[in-house]
2 protein chains.
Amino acid sequence: MEALGRQILVEYYDCDQSKINDVSFVETALIQAAKASQATLISHNFHKFSPYGVSGVVVIAESHIAIHTWPEYNYAAVDIFTCGETIDPWVIQECLKENFVSQNVSSMEMKRGMFKVPEGQKLLFKPSSEYQSN
Amino acid sequence: MEALGRQILVEYYDCDQSKINDVSFVETALIQAAKASQATLISHNFHKFSPYGVSGVVVIAESHIAIHTWPEYNYAAVDIFTCGETIDPWVIQECLKENFVSQNVSSMEMKRGMFKVPEGQKLLFKPSSEYQSN
């Protein structure tokens with residue numbers, strides 16, 4: 001069996017509260033992390049909640065990075081979903097840990113889309129540089 | 001311990017190929033599913049890949065729904081992340097199953113953001129109707 005995608009579910013506990021409540025900071029951190037992993041950025045969309053909290057998604061050609069922050073608990077939930085072998089999701093995980101100054105990180109890697117592949121063959125992925133925006 | 005959020009990772013296998021390759025169909029399906037669960041829509045952003053495949057995210061006040069489709073494998077990966085007790089992520093899971101005509105669905109529910117809570121108290125969530133767009 002081979003997987004089409006990998007997904008890391010990351011719990012960033014004990015973060016810097018002011019950083020994860022700052023929508024511009026969070027947006028910049030996710031974009032920088034995506035770039036650090038050599039991902040191909042397609043779009044990004046972030047929202048600030050009142051009185052606190054940020055939600056946002058960076059869509060990359062290789063899938064997506066999503067975040068929801070609860071500054072009142074110094075906590076951020078992040079999903080890093082990648083496909084293909086050109087980028088390393090753990091680079092993104094590490095970048096965000098540093099940016100959010102998280103003192104307690106819990107990560108779980110899942111495989112997504114499991115298929116039987118004849119011996120010697122590989123699963124094909126979406127072309128990473130070809131897309132049409134809707 | 002109580003969780004701030006719930007996340008269902010859904011593998012929709014054996015889907016209708018033409019439906020999950022149609023960006024408008026996929027976008028409408030996710031928005032309809034979000035509405036069916038009574039979620040509060042904030043934004044949605046979908047992309048069509050060439051020659052096939054769709055990626056997209058619906059950000060809801062209660063977190064997000066993300067999808068990546070591989071029509072060539074009749075497969076769609078969906079994440080349904082919700083917080084609070086006002087919406088049921090399984091309503092979304094079921095709506096999408098019907099829309100994609102998936103004959104083989106595998107779902108896993110995860111808890112996100114675990115915290116110790118004093119007896120008799122509950123975790124507080126983001127207000128679902130108050131946000132500022134960035």
# chains A, B, ... in the order shown; residues from 1 in each chain; ligands from 1
$ select_by_dssp --residues "chain A" --states "alpha helix (DSSP H)" --output "PyMOL selection string"
chain A and resi 17-20+23-36+89-100
$ select_by_dssp --residues "chain A" --states "strand (DSSP E)" --output "count of residues only"
60
$ closest_residue --among "B:Thr40, B:Gln7, B:Ser50, B:Thr86" --to "Trp70 of chain B" --atoms "only C-alpha atoms"
B:Ser50
$ closest_residue --among "B:Ser43, B:Asn104, B:Ser37, B:Ser18" --to "Glu85 of chain B" --atoms "only C-alpha atoms"
B:Ser37
$ atom_distance --atom1 "atom CA of Phe100 of chain A" --atom2 "atom CA of Val26 of chain A"
8.4 Å
$ residues_around --residues "Phe115 of chain A" --least-positions-apart "4" --cutoff "10 Å" --atoms "only C-alpha atoms" --output "list in words"
Met1, Glu2, Ala3, Leu4 and Leu123 of chain A; Tyr13, Tyr73 and Tyr75 of chain B
$ atom_distance --atom1 "atom CA of Ala61 of chain A" --atom2 "atom CA of Ala33 of chain B"
24.3 Å
$ residues_around --residues "Ile67 of chain B" --least-positions-apart "2" --cutoff "6 Å" --atoms "only C-alpha atoms" --output "number ranges by chain"
B: 55-56, 77-78
$ closest_residue --among "A:Gln38, A:Gln17, A:Thr28, A:Ser63" --to "chain B" --atoms "only C-alpha atoms"
A:Ser63
$ closest_residue --among "B:Leu41, B:Lys19, B:His64, B:Ala36" --to "chain A" --atoms "only C-alpha atoms"
B:His64
$ closest_residue --among "B:Leu96, B:Val105, B:Ile20, B:Ala39" --to "chain A" --atoms "only C-alpha atoms"
B:Val105
$ closest_residue --among "A:Gly113, A:Val59, A:Val101, A:Ala76" --to "Asp14 of chain B" --atoms "only C-alpha atoms"
A:Gly113
